[in-house]
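The structure appears below as C-alpha cells.
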Amino acid sequence: MVELKRRSLEEVKALSADDAVEIMRQAGIVGAGGGGFPTYFKYKSPQPMLLVNSTESEPGYWADKLIHRTYLQDFLELYEAMKAIFGFEQIRMGVHQKDREWFSDYAEHADGLYDIAYVPDKYSLGEEKTLIKNATDRKVPRRVEMPDGSKRPGLPLDAGIIVNNTETLHNVYNALFLGKPVTTKFLQVFGPDFELKVFEVPLGASATEVLKIAGVDVENSSDLSVIDGGPYLNEMGIEELGSGDCIVRRTTNGFLLIPKGVASKEFADIATKAPEEGITSLVGKVSGVNVPLGGRFLKPARLLVSEGDTVEYEQKLGEPVDEGFSVGVWASAAGTISSIEDDVVAISCGAEFQEAAKAETEAEARR
C-alpha cells in the first residue's frame, strides 16, 4: 500500500498515477464543494483538462477565496505536480468576474502552467456542467449511449475534463505533499444579522458548539434556523436553534442563520465581506466529534478501532473496502471513543475544550 507521508515536489511528480489515486483514496478525499463524490475515482480516468472551480458556489461565501489566497504557493506546486502525474494538457481556473482583483496574484503567476477563465457572476456555476459551458469551449453531452444500448447522463469526462473545487484540491495537496488525511472542513458561519466568520472545523463537530464558539447566543435564539449550506443549495441543519443539533459533514460549506420559517432563497442577495482574522482553526478546540465511516456515495470503511480506545488526532479509524466507493477515515480529534453506532465513531475530547476555544476565538477577534 502506498504510504501517506511528506514528499518534495520532485517526489510527488515521480508518483505513478495509480499511486496518486490510491493516496487520494486512503486520505479520504471527496468532493468538498457539496457533491461528496469520491475524488480518487475521477482520476482513474485522466483527461486532457483539469478545470478548477474557483467560484464561490453560494452568495456570501468566502472560504474558497481565502483558501486560494492563503495557500497560493501550495496550489502552484500542486498544478505542476498534477501535470506531471496525470498528463494534463491544460489546467484552467474558473473565477468570477467580480473576483478578478482577489485572484490577481494567480494571474501574475500563470506563465503557461495554468490559465484563468473569468466567468459570469452567477452562483449556478457551482454546477460542473454550467462551469464547463462558461469557462471552456467544450460542452458536456446531455446523454451518452452505452455499449449495451442504454443511455446515461453526460459527465465532464465525456468532454475530456476533470472538475475539482478549491478545497478538494487543497486536500489533494495535503495528501500528496504533506501526507495529511482529510480531518477538517472549511466553512462559513453567517447570516443577515451575523458578521461572517470562516473556520477550519474538525469533521463531525457539533454545529451548535461551532456556533457558540463563533459567538452565537444559541440558548436564546430559538427564533432562528440553521441552514447547512447557503441560500440556494442546502439542507435544513437545525430547524429551531437550541433544540436539536447536526454535525459538520464532508460536504458542509456553511451554516447560514436565518429567521425560522423564512425560505433561505429570501437571502440570495446577502452581502458579506472577508473576515479580517482570515480562517480560524478549531482543531483541538471542540469537546467531541461524530465521524461517519461512510457517506452519500460511500460504503462504510472497515472499522479499525473499538469503543473505549484512546485515539490520536489523524489516527486511522477505518480502512477503505473494495466494494463500491470507499475511502479511508481518520480521527478529526484526539480523545476516547465513547461509542460506535450506525457506522459513526464518536470521540469524546472533554468539555473544557469548548470554553477554551470560545475564549481564544474572542481574543483573536479583538486583536
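Lettering and numbering for the C-alpha cells are positional, with chains as A, B, ... in the shown order, residues counted from 1 in each chain, and ligands counted from 1 in the shown order.
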*Step one, run DSSP on the backbone; step two, keep only residues of range 72-257 of chain A assigned to strand (DSSP E); then write them as an NGL selection string.*
:A and (90-96 or 115-119 or 143-145 or 151-153 or 161-165 or 184-191 or 194-202 or 224-229 or 234-238 or 254-257)
Show me a table, sorted first by chain and then by increasing residue number, of the residues of range 109-190 of chain A having an atom at most 12 Å from range 248-261 of chain A, each with its shortest atom pair and the distance in Å to one decimal, counting only C-alpha atoms and written as a Markdown table.
```
| residue | atom | partner | partner_atom | distance |
| --- | --- | --- | --- | --- |
| A:Asn165 | CA | A:Thr251 | CA | 11.8 |
| A:Thr166 | CA | A:Asn253 | CA | 11.9 |
| A:Glu167 | CA | A:Asn253 | CA | 10.0 |
| A:Thr168 | CA | A:Arg250 | CA | 10.3 |
| A:Asn171 | CA | A:Arg250 | CA | 11.5 |
| A:Val182 | CA | A:Arg250 | CA | 8.9 |
| A:Thr183 | CA | A:Arg250 | CA | 8.9 |
| A:Thr184 | CA | A:Arg250 | CA | 8.0 |
| A:Lys185 | CA | A:Arg250 | CA | 6.5 |
| A:Phe186 | CA | A:Asn253 | CA | 6.5 |
| A:Leu187 | CA | A:Asn253 | CA | 4.5 |
| A:Gln188 | CA | A:Gly254 | CA | 4.5 |
| A:Val189 | CA | A:Phe255 | CA | 4.9 |
| A:Phe190 | CA | A:Leu256 | CA | 5.2 |
```
Take the residues from that selection and put them in a file with C-alpha atoms, as an mmCIF file, in the first residue's frame.
```cif
data_model
loop_
_atom_site.group_PDB
_atom_site.id
_atom_site.type_symbol
_atom_site.label_atom_id
_atom_site.label_comp_id
_atom_site.auth_asym_id
_atom_site.auth_seq_id
_atom_site.Cartn_x
_atom_site.Cartn_y
_atom_site.Cartn_z
ATOM 1 C CA ASN A 165 -13.273 22.644 -6.465
ATOM 2 C CA THR A 166 -10.789 24.661 -4.434
ATOM 3 C CA GLU A 167 -10.995 22.800 -1.130
ATOM 4 C CA THR A 168 -10.907 19.399 -2.802
ATOM 5 C CA ASN A 171 -6.959 18.299 0.295
ATOM 6 C CA VAL A 182 -8.878 14.751 5.432
ATOM 7 C CA THR A 183 -9.965 15.508 9.001
ATOM 8 C CA THR A 184 -11.361 19.039 8.708
ATOM 9 C CA LYS A 185 -13.804 21.154 6.721
ATOM 10 C CA PHE A 186 -13.608 24.839 5.834
ATOM 11 C CA LEU A 187 -16.938 26.551 6.403
ATOM 12 C CA GLN A 188 -18.501 29.938 6.970
ATOM 13 C CA VAL A 189 -20.899 30.954 9.737
ATOM 14 C CA PHE A 190 -23.030 33.886 8.593
#
```
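Minimum atom-to-atom distances from A:Ser124, A:Glu11, A:Pro59, A:Phe41 to Asp269 in chain A were compared using only C-alpha atoms, and the lowest value belongs to A:Pro59.
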*Length of the CA of Lys316 in chain A to CA of Lys180 in chain A vector [Å]*: 11.1 Å
*DSSP on the backbone, then: every residue of range 98-283 of chain A marked alpha helix (DSSP H), written as a list of chain:residue names.*
A:Ser104, A:Asp105, A:Tyr106, A:Ala107, A:Glu108, A:His109, A:Glu128, A:Lys129, A:Thr130, A:Leu131, A:Ile132, A:Lys133, A:Asn134, A:Ala135, A:Thr166, A:Glu167, A:Thr168, A:Leu169, A:His170, A:Asn171, A:Val172, A:Tyr173, A:Ala207, A:Thr208, A:Glu209, A:Val210, A:Leu211, A:Lys212, A:Ile213
*Check the smallest atom-to-atom distance from each of A:Gln90, A:Gln26, A:Ser57, A:Asn164 to Ala301 in chain A using only C-alpha atoms, then report the winner.*
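Ranking A:Gln90, A:Gln26, A:Ser57, A:Asn164 by distance to Ala301 in chain A, first place goes to A:Gln26.
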*Hey, which of A:Phe86, A:Phe199, A:Tyr123, A:Tyr40 ends up closest to Ala27 in chain A? Count only C-alpha atoms.*
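Among the listed residues, the smallest separation from Ala27 in chain A belongs to A:Tyr40.
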*Using only C-alpha atoms, pick whichever of A:Glu341, A:Glu77, A:Glu108, A:Glu56 has the shortest atom-to-atom distance to Leu169 in chain A.*
A:Glu77
_Spatial neighbours of range 290-295 of chain A, 10 Å, only C-alpha atoms, chain gap at least 6 places, as a ChimeraX atom specification_ = /A:30,36-38,183,202-206,246-251,301-303,317-320,325-333,337-348
Saved selection, atoms kept: C-alpha atoms, as a PDB file, in the first residue's frame:
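selection_34.pdb was written with the following content:
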```pdb
ATOM      1  CA  VAL A  30     -14.263  13.513  -1.594  1.00  0.00           C
ATOM      2  CA  GLY A  36     -19.254  14.458  -1.971  1.00  0.00           C
ATOM      3  CA  PHE A  37     -18.278  12.236  -4.916  1.00  0.00           C
ATOM      4  CA  PRO A  38     -15.038  10.303  -4.198  1.00  0.00           C
ATOM      5  CA  THR A 183      -9.965  15.508   9.001  1.00  0.00           C
ATOM      6  CA  PRO A 202     -12.980  19.064  12.673  1.00  0.00           C
ATOM      7  CA  LEU A 203     -15.241  16.706  10.725  1.00  0.00           C
ATOM      8  CA  GLY A 204     -18.111  15.503  12.888  1.00  0.00           C
ATOM      9  CA  ALA A 205     -18.060  18.525  15.204  1.00  0.00           C
ATOM     10  CA  SER A 206     -21.366  19.717  16.660  1.00  0.00           C
ATOM     11  CA  CYS A 246     -26.358  18.479  13.404  1.00  0.00           C
ATOM     12  CA  ILE A 247     -22.731  17.747  12.610  1.00  0.00           C
ATOM     13  CA  VAL A 248     -20.120  19.168  10.264  1.00  0.00           C
ATOM     14  CA  ARG A 249     -20.044  16.808   7.289  1.00  0.00           C
ATOM     15  CA  ARG A 250     -17.536  16.327   4.470  1.00  0.00           C
ATOM     16  CA  THR A 251     -19.853  18.441   2.316  1.00  0.00           C
ATOM     17  CA  ALA A 301     -14.893   1.861   5.767  1.00  0.00           C
ATOM     18  CA  ARG A 302     -13.770  -1.208   7.700  1.00  0.00           C
ATOM     19  CA  LEU A 303     -13.517  -0.273  11.366  1.00  0.00           C
ATOM     20  CA  LEU A 317     -10.263   4.831  12.121  1.00  0.00           C
ATOM     21  CA  GLY A 318     -11.403   2.985   9.022  1.00  0.00           C
ATOM     22  CA  GLU A 319      -9.813   1.191   6.060  1.00  0.00           C
ATOM     23  CA  PRO A 320     -11.442   1.520   2.625  1.00  0.00           C
ATOM     24  CA  PHE A 325     -16.816   3.605  -3.462  1.00  0.00           C
ATOM     25  CA  SER A 326     -14.950   3.751  -0.166  1.00  0.00           C
ATOM     26  CA  VAL A 327     -12.272   5.972   1.375  1.00  0.00           C
ATOM     27  CA  GLY A 328     -10.053   5.991   4.441  1.00  0.00           C
ATOM     28  CA  VAL A 329     -11.496   7.573   7.590  1.00  0.00           C
ATOM     29  CA  TRP A 330      -9.323   9.361  10.141  1.00  0.00           C
ATOM     30  CA  ALA A 331      -9.777  10.806  13.622  1.00  0.00           C
ATOM     31  CA  SER A 332     -10.610  14.509  13.474  1.00  0.00           C
ATOM     32  CA  ALA A 333      -9.906  14.907  17.202  1.00  0.00           C
ATOM     33  CA  ILE A 337     -14.026   6.544  21.570  1.00  0.00           C
ATOM     34  CA  SER A 338     -17.250   6.803  23.531  1.00  0.00           C
ATOM     35  CA  SER A 339     -19.476   4.877  21.117  1.00  0.00           C
ATOM     36  CA  ILE A 340     -19.653   3.244  17.699  1.00  0.00           C
ATOM     37  CA  GLU A 341     -23.199   3.124  16.362  1.00  0.00           C
ATOM     38  CA  ASP A 342     -24.701   3.097  12.860  1.00  0.00           C
ATOM     39  CA  ASP A 343     -21.249   3.397  11.278  1.00  0.00           C
ATOM     40  CA  VAL A 344     -20.473   6.568  13.236  1.00  0.00           C
ATOM     41  CA  VAL A 345     -17.446   6.764  15.551  1.00  0.00           C
ATOM     42  CA  ALA A 346     -17.976   9.157  18.484  1.00  0.00           C
ATOM     43  CA  ILE A 347     -14.822  10.597  20.055  1.00  0.00           C
ATOM     44  CA  SER A 348     -15.057  12.477  23.360  1.00  0.00           C
TER      45      SER A 348
END
```
*Which polymer residues have any atom within 10 Å of an atom of Met1 in chain A, counting only C-alpha atoms, with same-chain residues fewer than 5 positions away left out, as a PyMOL selection string?*
chain A and resi 19+22-23+26
Would you save the residues from that selection as a PDB file, in the first residue's frame, using N, CA and C atoms?
```pdb
ATOM      1  N   ASP A  19      -0.540   5.292  -7.962  1.00  0.00           N
ATOM      2  CA  ASP A  19      -0.170   5.585  -6.574  1.00  0.00           C
ATOM      3  C   ASP A  19      -0.830   6.867  -6.080  1.00  0.00           C
ATOM      4  N   GLU A  22      -4.403   6.129  -5.277  1.00  0.00           N
ATOM      5  CA  GLU A  22      -4.544   5.389  -4.027  1.00  0.00           C
ATOM      6  C   GLU A  22      -4.313   6.290  -2.819  1.00  0.00           C
ATOM      7  N   ILE A  23      -3.393   7.237  -2.930  1.00  0.00           N
ATOM      8  CA  ILE A  23      -3.187   8.197  -1.838  1.00  0.00           C
ATOM      9  C   ILE A  23      -4.459   8.997  -1.592  1.00  0.00           C
ATOM     10  N   GLN A  26      -6.958   6.628   0.173  1.00  0.00           N
ATOM     11  CA  GLN A  26      -6.615   6.385   1.562  1.00  0.00           C
ATOM     12  C   GLN A  26      -6.800   7.638   2.416  1.00  0.00           C
TER      13      GLN A  26
END
```
*Tell me which of A:Ile162, A:Ala268, A:Arg6, A:Phe194 sits closest to Lys122 in chain A, counting only C-alpha atoms.*
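The closest residue to Lys122 in chain A is A:Ala268.
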*Find the residue from A:Ile91, A:Val12, A:Ile132, A:Cys349 that sits nearest to Asp111 in chain A; use only C-alpha atoms when measuring.*
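That would be A:Ile91, the residue with the smallest distance to Asp111 in chain A.
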Mind checking which residues fall within 9 Å of range 43-47 of chain A, counting only C-alpha atoms, ignoring those fewer than 5 positions away in the same chain, and posting them as a PDB file with C-alpha atoms, in the first residue's frame?
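Here's the written file part_15.pdb:
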```
ATOM      1  CA  ALA A  17      -0.997   7.864 -11.498  1.00  0.00           C
ATOM      2  CA  ASP A  18      -2.111   4.683  -9.732  1.00  0.00           C
ATOM      3  CA  ALA A  20      -1.528   9.132  -6.546  1.00  0.00           C
ATOM      4  CA  VAL A  21      -5.083   7.795  -6.930  1.00  0.00           C
ATOM      5  CA  PHE A  86      -1.755  12.773 -14.894  1.00  0.00           C
ATOM      6  CA  GLY A  87      -0.505  14.358 -18.104  1.00  0.00           C
ATOM      7  CA  PHE A  88      -2.941  17.271 -18.138  1.00  0.00           C
ATOM      8  CA  GLU A  89      -2.535  19.325 -21.287  1.00  0.00           C
ATOM      9  CA  LEU A 157     -15.162  13.267 -18.588  1.00  0.00           C
ATOM     10  CA  ALA A 159     -15.909  16.467 -22.604  1.00  0.00           C
ATOM     11  CA  GLY A 160     -12.347  15.498 -21.650  1.00  0.00           C
ATOM     12  CA  ILE A 161     -12.423  17.369 -18.329  1.00  0.00           C
ATOM     13  CA  ILE A 162     -11.955  16.644 -14.635  1.00  0.00           C
TER      14      ILE A 162
END
```
*Selection near Gln97 in chain A, 8 Å with only C-alpha atoms, sequence-local residues under 4 positions removed, as a ChimeraX atom specification*: /A:118-121
*If you measure from CA of Ala135 in chain A to CA of Tyr114 in chain A, what distance in Å do you get, rounded to one decimal?*
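These atoms are spaced 13.2 Å apart.
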*Two-atom distance - CA of His109 in chain A, CA of Arg92 in chain A (Å)*: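 Atom-to-atom, CA of His109 in chain A to CA of Arg92 in chain A, that is 12.9 Å.
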*Near Glu240 in chain A, within 9 Å and counting only C-alpha atoms, which residues show up once chain neighbours fewer than 4 positions away are dropped, as a PyMOL selection string?*
chain A and resi 221-226+244+260
